[in-house]
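So this block is my_file_29.csv, CSV, C-alpha atoms:
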chain,number,residue,atom,x,y,z
A,14,MET,CA,-22.2,9.3,-0.3
A,15,ASP,CA,-23.3,10.2,3.1
A,16,PHE,CA,-20.7,10.9,5.8
A,17,GLU,CA,-20.9,12.1,9.4
A,18,PHE,CA,-18.6,15.0,10.1
A,19,GLY,CA,-17.4,15.9,13.6
A,20,VAL,CA,-14.8,17.7,15.7
A,21,ILE,CA,-12.5,15.9,18.2
A,22,SER,CA,-10.9,17.6,21.2
A,23,ALA,CA,-7.1,17.5,21.7
A,24,ASP,CA,-7.6,15.4,24.8
A,25,GLU,CA,-9.9,12.8,23.2
A,26,HIS,CA,-7.5,12.7,20.2
A,27,ASP,CA,-4.6,11.9,22.5
A,28,ARG,CA,-6.6,9.4,24.6
A,29,ILE,CA,-7.7,7.4,21.5
A,30,GLY,CA,-4.2,7.6,20.0
A,31,ALA,CA,-2.7,6.1,23.2
A,32,LEU,CA,-4.9,3.1,22.8
A,33,HIS,CA,-4.9,2.6,19.0
A,34,GLU,CA,-1.3,3.5,18.1
A,35,PRO,CA,0.2,0.6,20.1
A,36,LEU,CA,-2.6,-1.7,18.8
A,37,ALA,CA,-1.6,-0.8,15.2
A,38,GLU,CA,2.1,-1.4,16.1
A,39,ALA,CA,1.2,-4.8,17.5
A,40,VAL,CA,-0.7,-5.7,14.3
A,41,ARG,CA,2.3,-4.5,12.2
A,42,ARG,CA,4.6,-6.9,14.1
A,43,LEU,CA,2.0,-9.7,13.6
A,44,ILE,CA,1.9,-9.0,9.8
A,45,GLU,CA,5.6,-9.3,9.5
A,46,ALA,CA,5.7,-12.4,11.7
A,47,SER,CA,3.0,-14.1,9.7
A,48,ILE,CA,4.9,-13.6,6.4
A,49,HIS,CA,8.2,-15.0,7.7
A,50,SER,CA,6.9,-17.8,9.8
A,51,GLY,CA,7.9,-21.4,9.2
A,52,ALA,CA,5.7,-22.7,12.0
A,53,ASP,CA,4.0,-26.1,11.5
A,54,ALA,CA,0.4,-26.5,10.5
A,55,GLU,CA,-0.9,-27.0,14.1
A,56,THR,CA,0.8,-23.7,15.2
A,57,ILE,CA,-0.5,-21.8,12.3
A,58,MET,CA,-4.1,-23.1,12.8
A,59,ALA,CA,-3.9,-22.2,16.5
A,60,ALA,CA,-2.7,-18.7,15.5
A,61,ARG,CA,-5.6,-18.2,13.1
A,62,GLN,CA,-8.1,-19.2,15.7
A,63,THR,CA,-6.7,-16.8,18.3
A,64,ILE,CA,-6.6,-14.0,15.7
A,65,ASP,CA,-10.2,-14.7,14.9
A,66,GLU,CA,-11.1,-14.5,18.6
A,67,VAL,CA,-9.3,-11.1,18.9
A,68,THR,CA,-11.1,-9.8,15.8
A,69,GLU,CA,-14.5,-10.8,17.2
A,70,MET,CA,-13.6,-9.1,20.5
A,71,LEU,CA,-12.7,-5.9,18.7
A,72,GLU,CA,-15.7,-6.0,16.4
A,73,ARG,CA,-18.2,-6.4,19.4
A,74,THR,CA,-18.1,-2.6,20.0
A,75,PRO,CA,-17.8,-0.7,16.7
A,76,THR,CA,-16.7,2.9,17.1
A,77,ASP,CA,-19.5,5.5,17.3
A,78,ARG,CA,-17.1,8.4,16.3
A,79,PRO,CA,-18.1,10.3,13.1
A,80,ARG,CA,-16.3,8.9,10.0
A,81,VAL,CA,-14.7,12.3,9.2
A,82,LEU,CA,-13.1,14.2,12.0
A,83,ARG,CA,-11.3,17.5,12.4
A,84,HIS,CA,-9.0,18.2,15.2
A,85,GLU,CA,-10.4,21.0,17.5
A,86,GLU,CA,-7.1,22.8,17.9
A,87,THR,CA,-5.4,22.5,14.6
A,88,GLY,CA,-8.6,22.4,12.5
A,89,LEU,CA,-6.9,19.8,10.3
A,90,PRO,CA,-8.6,16.5,9.3
A,91,VAL,CA,-7.6,13.5,11.4
A,92,VAL,CA,-5.8,11.0,9.3
A,93,TRP,CA,-5.6,8.1,11.7
A,94,ARG,CA,-6.7,5.5,9.2
A,95,ASN,CA,-4.9,6.8,6.1
A,96,PRO,CA,-2.9,3.8,4.5
A,97,ALA,CA,0.3,5.9,4.1
A,98,VAL,CA,0.4,8.1,7.2
A,99,GLY,CA,-2.3,6.7,9.5
A,100,ARG,CA,-0.9,5.8,12.9
A,101,HIS,CA,-4.0,3.6,13.6
A,102,ASN,CA,-3.7,1.8,10.2
A,103,PRO,CA,-1.4,-1.2,10.3
A,104,LEU,CA,-0.9,-1.0,6.5
A,105,ALA,CA,0.8,2.4,6.9
A,106,PRO,CA,4.6,2.3,7.7
A,107,PRO,CA,3.4,5.0,9.0
A,108,MET,CA,5.2,8.1,7.6
A,109,ASN,CA,5.3,10.8,10.2
A,110,THR,CA,5.2,14.0,8.1
A,111,HIS,CA,6.7,17.4,9.2
A,112,HIS,CA,5.3,20.5,7.6
A,113,GLU,CA,7.1,23.7,6.9
A,114,GLU,CA,6.0,26.6,4.7
A,115,GLY,CA,5.2,25.0,1.3
A,116,ARG,CA,7.3,21.9,2.1
A,117,VAL,CA,6.9,18.5,3.8
A,118,TRP,CA,9.6,16.0,4.9
A,119,THR,CA,9.5,12.6,6.6
A,120,GLU,CA,11.9,9.9,7.7
A,121,PHE,CA,10.6,6.3,8.1
A,122,THR,CA,11.7,2.7,7.7
A,123,LEU,CA,10.3,0.1,5.4
A,124,GLY,CA,10.5,-3.6,6.2
A,125,PRO,CA,10.0,-6.7,4.1
A,126,VAL,CA,6.2,-6.5,3.9
A,127,TYR,CA,6.8,-3.6,1.4
A,128,GLU,CA,9.2,-5.6,-0.7
A,129,GLY,CA,8.9,-5.9,-4.5
A,130,PRO,CA,12.1,-7.1,-6.2
A,131,PRO,CA,14.4,-8.9,-3.7
A,132,GLY,CA,15.8,-6.4,-1.1
A,133,LEU,CA,14.0,-3.4,-2.8
A,134,VAL,CA,10.8,-1.5,-2.0
A,135,HIS,CA,7.9,-2.3,-4.4
A,136,GLY,CA,7.7,0.5,-6.9
A,137,GLY,CA,4.0,0.9,-6.3
A,138,ILE,CA,4.7,1.5,-2.5
A,139,CYS,CA,7.0,4.3,-3.5
A,140,ALA,CA,4.2,5.7,-5.6
A,141,LEU,CA,1.7,5.4,-2.7
A,142,LEU,CA,4.0,7.3,-0.3
A,143,LEU,CA,5.0,10.0,-2.9
A,144,ASP,CA,1.3,10.5,-3.8
A,145,GLN,CA,0.6,11.2,-0.1
A,146,LEU,CA,3.6,13.6,0.3
A,147,LEU,CA,2.8,15.6,-2.8
A,148,GLY,CA,-0.9,15.6,-1.8
A,149,GLU,CA,-0.2,16.8,1.7
A,150,VAL,CA,2.0,19.7,0.5
A,151,ALA,CA,-0.4,20.7,-2.3
A,152,THR,CA,-3.4,20.8,0.1
A,153,ARG,CA,-1.5,22.5,2.9
A,154,GLN,CA,-1.7,19.5,5.1
A,155,LEU,CA,-5.2,18.5,3.8
A,156,SER,CA,-6.7,21.8,4.8
A,157,LYS,CA,-7.7,22.6,1.2
A,158,PRO,CA,-9.9,20.2,-0.8
A,159,LYS,CA,-7.7,19.2,-3.8
A,160,PHE,CA,-7.5,15.9,-5.7
A,161,THR,CA,-4.6,14.4,-7.6
A,162,GLY,CA,-5.1,15.2,-11.3
A,163,THR,CA,-2.0,13.4,-12.6
A,164,ILE,CA,1.2,12.2,-11.0
A,165,THR,CA,4.4,11.0,-12.7
A,166,LEU,CA,7.0,8.8,-11.0
A,167,LYS,CA,10.5,8.5,-12.3
A,168,TYR,CA,12.5,5.6,-10.9
A,169,LEU,CA,16.2,6.5,-10.9
A,170,ARG,CA,17.2,3.2,-9.2
A,171,GLY,CA,15.9,0.6,-6.8
A,172,THR,CA,14.8,1.9,-3.4
A,173,PRO,CA,16.4,-0.4,-0.7
A,174,LEU,CA,14.3,-1.6,2.2
A,175,GLY,CA,15.4,0.1,5.4
A,176,PRO,CA,15.6,3.8,6.5
A,177,LEU,CA,14.3,6.3,3.9
A,178,ARG,CA,13.6,9.9,3.6
A,179,GLY,CA,10.9,11.7,1.6
A,180,GLU,CA,10.4,15.3,0.7
A,181,ALA,CA,7.9,17.3,-1.3
A,182,TRP,CA,7.2,20.9,-2.1
A,183,VAL,CA,4.9,23.2,-4.1
A,184,GLU,CA,6.3,24.4,-7.4
A,185,GLY,CA,3.6,26.8,-8.2
A,186,HIS,CA,-0.1,27.5,-8.7
A,187,GLU,CA,-2.2,28.1,-11.9
A,188,GLY,CA,-5.9,28.8,-11.4
A,189,PHE,CA,-7.4,25.8,-9.6
A,190,LYS,CA,-4.2,23.8,-10.2
A,191,THR,CA,-1.3,23.3,-7.8
A,192,TYR,CA,2.0,21.8,-9.0
A,193,ALA,CA,4.1,19.8,-6.6
A,194,ARG,CA,7.3,17.8,-6.8
A,195,GLY,CA,9.1,15.5,-4.4
A,196,PHE,CA,11.4,12.5,-4.0
A,197,LEU,CA,12.3,9.5,-1.9
A,198,SER,CA,16.0,9.0,-1.0
A,199,ASP,CA,18.3,6.7,0.9
A,200,THR,CA,21.8,7.6,2.2
A,201,GLN,CA,23.1,7.6,-1.3
A,202,GLY,CA,20.6,10.2,-2.6
A,203,ALA,CA,17.3,10.2,-4.5
A,204,THR,CA,15.8,6.9,-5.7
A,205,VAL,CA,12.4,8.0,-7.1
A,206,GLU,CA,11.3,11.5,-8.2
A,207,ALA,CA,7.7,12.5,-8.5
A,208,GLU,CA,5.7,15.4,-10.0
A,209,GLY,CA,2.0,16.0,-9.7
A,210,VAL,CA,-0.9,18.3,-10.5
A,211,PHE,CA,-3.5,18.7,-7.8
A,212,ILE,CA,-6.9,20.2,-8.7
A,213,MET,CA,-9.5,21.9,-6.6
A,214,PRO,CA,-12.9,20.2,-7.4
A,215,ALA,CA,-15.6,22.4,-8.9
A,216,TRP,CA,-17.8,22.1,-5.7
A,217,ALA,CA,-15.1,23.7,-3.6
A,218,ARG,CA,-14.1,26.6,-5.8
A,219,ASP,CA,-16.6,29.1,-4.5
A,220,VAL,CA,-16.2,28.3,-0.8
A,221,THR,CA,-12.5,28.3,-0.3
A,222,GLU,CA,-9.5,30.6,-0.9
B,24,MET,CA,22.7,-7.9,-1.7
B,25,ASP,CA,22.9,-11.6,-1.2
B,26,PHE,CA,19.8,-13.7,-1.7
B,27,GLU,CA,19.2,-17.4,-1.7
B,28,PHE,CA,17.3,-18.6,-4.8
B,29,GLY,CA,15.3,-21.8,-4.9
B,30,VAL,CA,12.7,-23.9,-6.7
B,31,ILE,CA,9.5,-25.0,-5.1
B,32,SER,CA,7.4,-28.0,-6.2
B,33,ALA,CA,3.7,-27.6,-7.1
B,34,ASP,CA,2.8,-29.8,-4.1
B,35,GLU,CA,4.9,-27.9,-1.6
B,36,HIS,CA,3.6,-24.6,-3.1
B,37,ASP,CA,0.0,-25.7,-2.5
B,38,ARG,CA,0.7,-27.1,0.9
B,39,ILE,CA,2.1,-23.8,2.2
B,40,GLY,CA,-0.6,-21.8,0.4
B,41,ALA,CA,-3.3,-23.8,2.3
B,42,LEU,CA,-1.7,-22.8,5.6
B,43,HIS,CA,-0.7,-19.2,4.8
B,44,GLU,CA,-3.6,-17.9,2.7
B,45,PRO,CA,-6.2,-18.4,5.5
B,46,LEU,CA,-3.7,-16.9,8.0
B,47,ALA,CA,-3.3,-13.8,5.8
B,48,GLU,CA,-7.1,-13.6,5.5
B,49,ALA,CA,-7.5,-13.8,9.3
B,50,VAL,CA,-4.9,-10.9,9.7
B,51,ARG,CA,-6.8,-8.9,7.0
B,52,ARG,CA,-10.0,-9.2,9.1
B,53,LEU,CA,-8.1,-8.2,12.2
B,54,ILE,CA,-6.6,-5.1,10.5
B,55,GLU,CA,-10.1,-4.0,9.6
B,56,ALA,CA,-11.6,-4.7,13.0
B,57,SER,CA,-8.7,-2.8,14.7
B,58,ILE,CA,-9.4,0.3,12.7
B,59,HIS,CA,-13.2,0.3,13.4
B,60,SER,CA,-13.2,-0.8,17.0
B,61,GLY,CA,-14.7,1.3,19.7
B,62,ALA,CA,-13.7,-1.2,22.4
B,63,ASP,CA,-12.7,0.2,25.8
B,64,ALA,CA,-9.1,0.5,27.0
B,65,GLU,CA,-9.2,-2.8,28.9
B,66,THR,CA,-10.4,-4.8,25.8
B,67,ILE,CA,-7.8,-3.1,23.5
B,68,MET,CA,-5.0,-3.8,25.9
B,69,ALA,CA,-6.1,-7.5,26.2
B,70,ALA,CA,-6.2,-7.6,22.4
B,71,ARG,CA,-2.7,-6.2,22.1
B,72,GLN,CA,-1.3,-8.7,24.6
B,73,THR,CA,-2.9,-11.7,22.7
B,74,ILE,CA,-1.7,-10.4,19.4
B,75,ASP,CA,1.9,-10.1,20.9
B,76,GLU,CA,1.6,-13.8,22.0
B,77,VAL,CA,0.5,-14.9,18.6
B,78,THR,CA,3.4,-12.9,17.0
B,79,GLU,CA,5.9,-14.6,19.3
B,80,MET,CA,4.4,-18.0,18.5
B,81,LEU,CA,4.8,-17.4,14.8
B,82,GLU,CA,8.3,-15.9,15.2
B,83,ARG,CA,9.6,-18.9,17.2
B,84,THR,CA,10.2,-20.9,13.9
B,85,PRO,CA,11.3,-18.6,11.1
B,86,THR,CA,10.9,-20.0,7.6
B,87,ASP,CA,14.0,-21.8,6.2
B,88,ARG,CA,12.7,-21.4,2.6
B,89,PRO,CA,15.0,-19.5,0.2
B,90,ARG,CA,14.0,-15.8,-0.1
B,91,VAL,CA,13.4,-16.0,-3.9
B,92,LEU,CA,11.5,-18.9,-5.2
B,93,ARG,CA,10.5,-20.1,-8.6
B,94,HIS,CA,7.5,-22.5,-9.2
B,95,GLU,CA,8.8,-25.8,-10.5
B,96,GLU,CA,6.0,-26.3,-13.1
B,97,THR,CA,5.4,-22.7,-14.3
B,98,GLY,CA,9.0,-21.5,-13.9
B,99,LEU,CA,7.5,-18.2,-12.7
B,100,PRO,CA,8.6,-16.3,-9.5
B,101,VAL,CA,6.5,-17.0,-6.5
B,102,VAL,CA,4.9,-13.7,-5.4
B,103,TRP,CA,3.4,-14.8,-2.1
B,104,ARG,CA,4.6,-11.8,-0.2
B,105,ASN,CA,4.1,-9.1,-2.8
B,106,PRO,CA,2.2,-6.1,-1.2
B,107,ALA,CA,-0.2,-5.8,-4.2
B,108,VAL,CA,-0.9,-9.5,-5.2
B,109,GLY,CA,0.7,-11.6,-2.5
B,110,ARG,CA,-1.8,-14.0,-1.1
B,111,HIS,CA,0.3,-14.4,2.0
B,112,ASN,CA,0.8,-10.7,2.6
B,113,PRO,CA,-2.1,-9.2,4.7
B,114,LEU,CA,-1.3,-5.7,3.1
B,115,ALA,CA,-2.4,-7.0,-0.3
B,116,PRO,CA,-6.1,-6.9,-1.2
B,117,PRO,CA,-4.9,-9.3,-2.8
B,118,MET,CA,-5.4,-8.8,-6.5
B,119,ASN,CA,-5.8,-12.1,-8.3
B,120,THR,CA,-4.3,-11.5,-11.8
B,121,HIS,CA,-5.3,-13.3,-15.0
B,122,HIS,CA,-2.9,-13.3,-17.8
B,123,GLU,CA,-3.7,-13.6,-21.5
B,124,GLU,CA,-1.3,-12.9,-24.4
B,125,GLY,CA,0.1,-9.4,-23.8
B,126,ARG,CA,-2.8,-8.6,-21.4
B,127,VAL,CA,-3.7,-8.9,-17.7
B,128,TRP,CA,-7.0,-8.4,-15.9
B,129,THR,CA,-8.2,-8.7,-12.3
B,130,GLU,CA,-11.3,-8.2,-10.2
B,131,PHE,CA,-11.0,-7.4,-6.5
B,132,THR,CA,-12.7,-5.5,-3.7
B,133,LEU,CA,-11.1,-2.7,-1.6
B,134,GLY,CA,-12.4,-2.1,1.9
B,135,PRO,CA,-12.0,0.9,4.3
B,136,VAL,CA,-8.3,0.2,5.2
B,137,TYR,CA,-7.5,1.5,1.6
B,138,GLU,CA,-9.5,4.7,2.0
B,139,GLY,CA,-8.1,8.1,1.3
B,140,PRO,CA,-10.9,10.8,0.9
B,141,PRO,CA,-14.2,9.7,2.5
B,142,GLY,CA,-15.6,6.7,0.6
B,143,LEU,CA,-12.9,6.7,-2.0
B,144,VAL,CA,-9.7,4.7,-2.5
B,145,HIS,CA,-6.5,6.5,-1.6
B,146,GLY,CA,-5.0,7.7,-4.9
B,147,GLY,CA,-1.6,6.2,-3.9
B,148,ILE,CA,-3.3,2.8,-3.5
B,149,CYS,CA,-4.6,3.1,-7.1
B,150,ALA,CA,-1.0,3.8,-8.1
B,151,LEU,CA,0.4,0.8,-6.2
B,152,LEU,CA,-2.1,-1.5,-7.9
B,153,LEU,CA,-1.6,-0.1,-11.4
B,154,ASP,CA,2.2,-0.2,-11.0
B,155,GLN,CA,1.8,-4.0,-10.3
B,156,LEU,CA,-0.6,-4.6,-13.2
B,157,LEU,CA,1.6,-2.7,-15.8
B,158,GLY,CA,4.7,-4.3,-14.3
B,159,GLU,CA,3.3,-7.8,-14.6
B,160,VAL,CA,2.2,-7.4,-18.2
B,161,ALA,CA,5.5,-5.7,-19.2
B,162,THR,CA,7.5,-8.5,-17.7
B,163,ARG,CA,5.3,-11.3,-19.0
B,164,GLN,CA,4.2,-12.3,-15.5
B,165,LEU,CA,7.6,-11.4,-14.0
B,166,SER,CA,9.3,-13.9,-16.2
B,167,LYS,CA,11.6,-11.2,-17.6
B,168,PRO,CA,13.7,-8.8,-15.5
B,169,LYS,CA,12.4,-5.3,-16.1
B,170,PHE,CA,12.0,-2.4,-13.8
B,171,THR,CA,9.6,0.5,-13.9
B,172,GLY,CA,11.3,3.5,-15.6
B,173,THR,CA,8.5,6.0,-15.3
B,174,ILE,CA,4.8,5.6,-14.7
B,175,THR,CA,2.1,8.3,-15.1
B,176,LEU,CA,-1.3,8.1,-13.4
B,177,LYS,CA,-4.2,10.2,-14.6
B,178,TYR,CA,-7.1,10.4,-12.1
B,179,LEU,CA,-10.3,10.8,-14.0
B,180,ARG,CA,-12.6,10.8,-10.9
B,181,GLY,CA,-12.6,9.3,-7.4
B,182,THR,CA,-12.4,5.5,-7.2
B,183,PRO,CA,-15.1,4.3,-4.9
B,184,LEU,CA,-14.4,1.6,-2.2
B,185,GLY,CA,-16.0,-1.7,-3.2
B,186,PRO,CA,-15.7,-4.0,-6.2
B,187,LEU,CA,-13.2,-2.9,-8.8
B,188,ARG,CA,-11.6,-4.1,-12.0
B,189,GLY,CA,-8.1,-3.5,-13.4
B,190,GLU,CA,-6.6,-4.1,-16.8
B,191,ALA,CA,-3.3,-3.6,-18.4
B,192,TRP,CA,-1.7,-4.4,-21.7
B,193,VAL,CA,1.6,-3.9,-23.7
B,194,GLU,CA,1.5,-1.1,-26.2
B,195,GLY,CA,4.9,-1.8,-27.8
B,196,HIS,CA,8.6,-2.4,-27.4
B,197,GLU,CA,11.6,-0.2,-28.4
B,198,GLY,CA,15.0,-1.7,-27.7
B,199,PHE,CA,15.2,-2.5,-24.0
B,200,LYS,CA,12.0,-0.6,-23.3
B,201,THR,CA,8.5,-1.9,-23.0
B,202,TYR,CA,5.5,0.5,-23.1
B,203,ALA,CA,2.4,-0.5,-21.1
B,204,ARG,CA,-1.0,1.0,-20.4
B,205,GLY,CA,-3.9,0.2,-18.1
B,206,PHE,CA,-6.8,1.4,-16.0
B,207,LEU,CA,-8.9,0.8,-12.9
B,208,SER,CA,-12.6,0.9,-13.3
B,209,ASP,CA,-15.9,0.6,-11.3
B,210,THR,CA,-19.3,-0.3,-12.8
B,211,GLN,CA,-19.5,3.3,-14.3
B,212,GLY,CA,-16.2,3.0,-16.3
B,213,ALA,CA,-12.6,3.9,-15.8
B,214,THR,CA,-11.5,6.0,-12.8
B,215,VAL,CA,-7.7,6.0,-13.2
B,216,GLU,CA,-5.6,5.5,-16.3
B,217,ALA,CA,-1.9,4.6,-16.2
B,218,GLU,CA,1.0,4.5,-18.7
B,219,GLY,CA,4.5,3.3,-18.0
B,220,VAL,CA,7.9,2.5,-19.4
B,221,PHE,CA,9.6,-0.6,-18.2
B,222,ILE,CA,13.3,-1.1,-18.8
B,223,MET,CA,15.5,-4.2,-18.9
B,224,PRO,CA,18.5,-3.6,-16.6
B,225,ALA,CA,22.0,-3.6,-18.1
B,226,TRP,CA,22.9,-6.8,-16.3
B,227,ALA,CA,20.1,-8.8,-17.9
B,228,ARG,CA,20.5,-7.6,-21.5
B,229,ASP,CA,23.0,-10.3,-22.6
B,230,VAL,CA,21.3,-13.2,-20.8
B,231,THR,CA,17.7,-13.0,-21.8
B,232,GLU,CA,15.5,-12.7,-25.0

Let me see the structure of the file written as structure tokens.
Amino acid sequence: MDFEFGVISADEHDRIGALHEPLAEAVRRLIEASIHSGADAETIMAARQTIDEVTEMLERTPTDRPRVLRHEETGLPVVWRNPAVGRHNPLAPPMNTHHEEGRVWTEFTLGPVYEGPPGLVHGGICALLLDQLLGEVATRQLSKPKFTGTITLKYLRGTPLGPLRGEAWVEGHEGFKTYARGFLSDTQGATVEAEGVFIMPAWARDVTE
Amino acid sequence: MDFEFGVISADEHDRIGALHEPLAEAVRRLIEASIHSGADAETIMAARQTIDEVTEMLERTPTDRPRVLRHEETGLPVVWRNPAVGRHNPLAPPMNTHHEEGRVWTEFTLGPVYEGPPGLVHGGICALLLDQLLGEVATRQLSKPKFTGTITLKYLRGTPLGPLRGEAWVEGHEGFKTYARGFLSDTQGATVEAEGVFIMPAWARDVTE
């Protein structure tokens, strides 16, 4: 694999965010509308055609930014396109994560596009979000290269669609392994618990920490 | 929770699929274009405005179909909107699952909207897809009410973006518990392994099997 790496200034980061965050929000609303629409065939075909035109318009000028970017001020990787927390990725709710020493928390809302059983969040979506939270805390906000080794999710009860909270923290370290735990919760308490082991890859062991 | 349940005929199922599957495909292409676009501010704002117009057009007539549907011929739940396999949900790749006795397999392609580390699928997306595969096989294609109790994912190496295969099978049963295993693989072999326990909820124990 061959990737361009680059650094982005705070100003440029904010300028692009101001364009792409509202675009992603608009696409999120479209995704939800498309799922719930009972429009007739003519309307749906007109919608498709207009969507295709917008796609072509956006594709005409592909981005020339390096694929992997670090923020000039924070030094942290830019996660715009991440499918769990990426503010430019319409797939992400997105989770807005807050980092404190050895801990991360987030509050977010999941709508019907994330539904599994009726009224409940798809169990795999809970897994996606907890993998991200445990990974962020284990890698100190992605500043250290570590990959998920194993993760176990324990479903205590169904997670309702709507406002949710997530938390994760580091339990400890052992050699190149970091142990993390976390949960998702609604107003009644935890719905899913997670524990994971994150491992620093061999190629990174002599250059970091 | 209060949900309407209904039955849908094979003809109506196919008629709606013929409208909504290409609509979801168009939205998937738009999601990818929006992430990679380097268009200028004017173009992106024009794109947003047009997307908002399409959203309003689709919202004008909400669907009047019951929220939970069973297919008249197969008797199975309709999973149009499922975020892993739903052909009408732009979030889903979608995986197209093939069921054999006690086994499920699928082949699908993941693009950059599912990326975590550069060039690799987000570990949490692997978890989402494996939760769906193990869940489908444990519930006999969702014909039995069972919920994920626990699921453990073991990441053997990074899963590259591109064409992938998934498989899952039932390992055994014990009372109200079903044990399932599975994996994702690329052309070089397995990248993530999963094992899970699926539990029939108390309310279903006297009415099924």

Handout entry: Of the listed residues B:Thr182, B:Ser57, B:Gln72, B:Ser166, that which approaches B:Ile148 most closely, counting all atoms listed in the file
Key = B:Thr182

Exercise for the section: Starting from the point (8.1, -17.8, -13.7), work out which residues of protein, DNA or RNA have an atom no more than 9 Å away when counting all atoms listed in the file; state them as a list in words. Expected result: Arg93, His94, Glu95, Glu96, Thr97, Gly98, Leu99, Pro100, Val101, Arg163, Gln164, Leu165, Ser166 and Lys167 of chain B

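For the set B:Leu156, B:Leu133, B:Ala217, B:Ala115, the residue with the smallest atom-to-atom gap to B:Glu44 is B:Ala115, counting only C-alpha atoms.
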
Handout entry: Sphere at (-3.7, 2.3, 9.2), radius 10 Å, counting all atoms listed in the file: residues as a PyMOL selection string
Key = (chain A and resi 33-34+37-38+40-41+92-107) or (chain B and resi 54-55+57-58+135-138)

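Using all atoms listed in the file, the shortest contact distance between chain B and any of A:Val117, A:Leu82, A:Leu142, A:Ile21 is found at A:Leu142.
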
Exercise for the section: Enter the distance from atom CA of B:Thr210 to atom CA of B:Asp154, in Å, rounded to one decimal. Expected result: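 Between atom CA of B:Thr210 and atom CA of B:Asp154 the gap works out to 21.6 Å.
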
Practice task
One decimal, Å: what's the distance from atom CA of B:Arg83 over to atom CA of A:Glu66, could you say?
Solution key: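 Atom CA of A:Glu66 lies at a distance of 21.2 Å from atom CA of B:Arg83.
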
Handout entry: Residues near B:Lys200, cut-off 9 Å, only C-alpha atoms, skip fewer than 3 positions along chain, as a list in words
Key = Lys169, Gly172, Gly195, His196, Glu197, Val220, Phe221, Ile222 and Met223 of chain B

Exercise for the section: Tell me which of A:Gly30, A:Gly132, A:Gly179, A:Gly202 sits closest to chain B, counting all atoms listed in the file. Expected result: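 When distances to chain B are compared using all atoms listed in the file, the smallest one comes from A:Gly132.
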
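For the set B:Arg204, B:His145, B:His36, B:Arg188, the residue with the smallest atom-to-atom gap to chain A is B:His145, counting all atoms listed in the file.
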
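The protein and nucleic acid residues lying at most 8 Å from B:Thr78 are A:Arg42, A:Leu43, A:Ala46, A:Ser47, with only C-alpha atoms considered and sequence neighbours fewer than 6 positions away removed.
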
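Checking B:Glu124, B:Glu194, B:Glu218, B:Asp75 one by one against B:Ala150, counting all atoms listed in the file, you find the shortest gap at B:Glu218.
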
Practice task
For atom CA of B:Arg88 and atom CA of B:Gly29, determine how far apart the two atoms are, in Å to one decimal place.
Solution key: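 Calculated distance between atom CA of B:Arg88 and atom CA of B:Gly29 is 7.9 Å.
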
Pull N, CA and C atoms for stretch 143-154 of chain B from the block and write them as a short mmCIF file (atom, residue, chain, number, x, y, z; two decimals), in the first residue's frame.
data_model
loop_
_atom_site.label_atom_id
_atom_site.label_comp_id
_atom_site.auth_asym_id
_atom_site.auth_seq_id
_atom_site.Cartn_x
_atom_site.Cartn_y
_atom_site.Cartn_z
N LEU B 143 -7.46 0.07 4.81
CA LEU B 143 -8.06 -1.07 5.54
C LEU B 143 -9.48 -0.74 5.99
N VAL B 144 -10.29 -1.80 6.08
CA VAL B 144 -11.65 -1.64 6.60
C VAL B 144 -11.58 -1.29 8.08
N HIS B 145 -12.43 -0.36 8.52
CA HIS B 145 -12.57 -0.03 9.95
C HIS B 145 -12.92 -1.32 10.71
N GLY B 146 -12.20 -1.60 11.78
CA GLY B 146 -12.45 -2.82 12.55
C GLY B 146 -13.89 -2.94 13.01
N GLY B 147 -14.52 -1.81 13.32
CA GLY B 147 -15.91 -1.83 13.78
C GLY B 147 -16.89 -2.17 12.66
N ILE B 148 -16.51 -1.87 11.41
CA ILE B 148 -17.34 -2.28 10.27
C ILE B 148 -17.28 -3.81 10.11
N CYS B 149 -16.09 -4.38 10.31
CA CYS B 149 -15.97 -5.85 10.30
C CYS B 149 -16.89 -6.44 11.37
N ALA B 150 -16.93 -5.80 12.55
CA ALA B 150 -17.77 -6.28 13.65
C ALA B 150 -19.25 -6.20 13.28
N LEU B 151 -19.64 -5.08 12.66
CA LEU B 151 -21.04 -4.91 12.22
C LEU B 151 -21.45 -6.04 11.27
N LEU B 152 -20.59 -6.34 10.29
CA LEU B 152 -20.94 -7.32 9.27
C LEU B 152 -20.96 -8.73 9.85
N LEU B 153 -19.99 -9.03 10.73
CA LEU B 153 -19.96 -10.37 11.33
C LEU B 153 -21.12 -10.56 12.31
N ASP B 154 -21.49 -9.52 13.05
CA ASP B 154 -22.67 -9.61 13.93
C ASP B 154 -23.90 -9.98 13.11
#
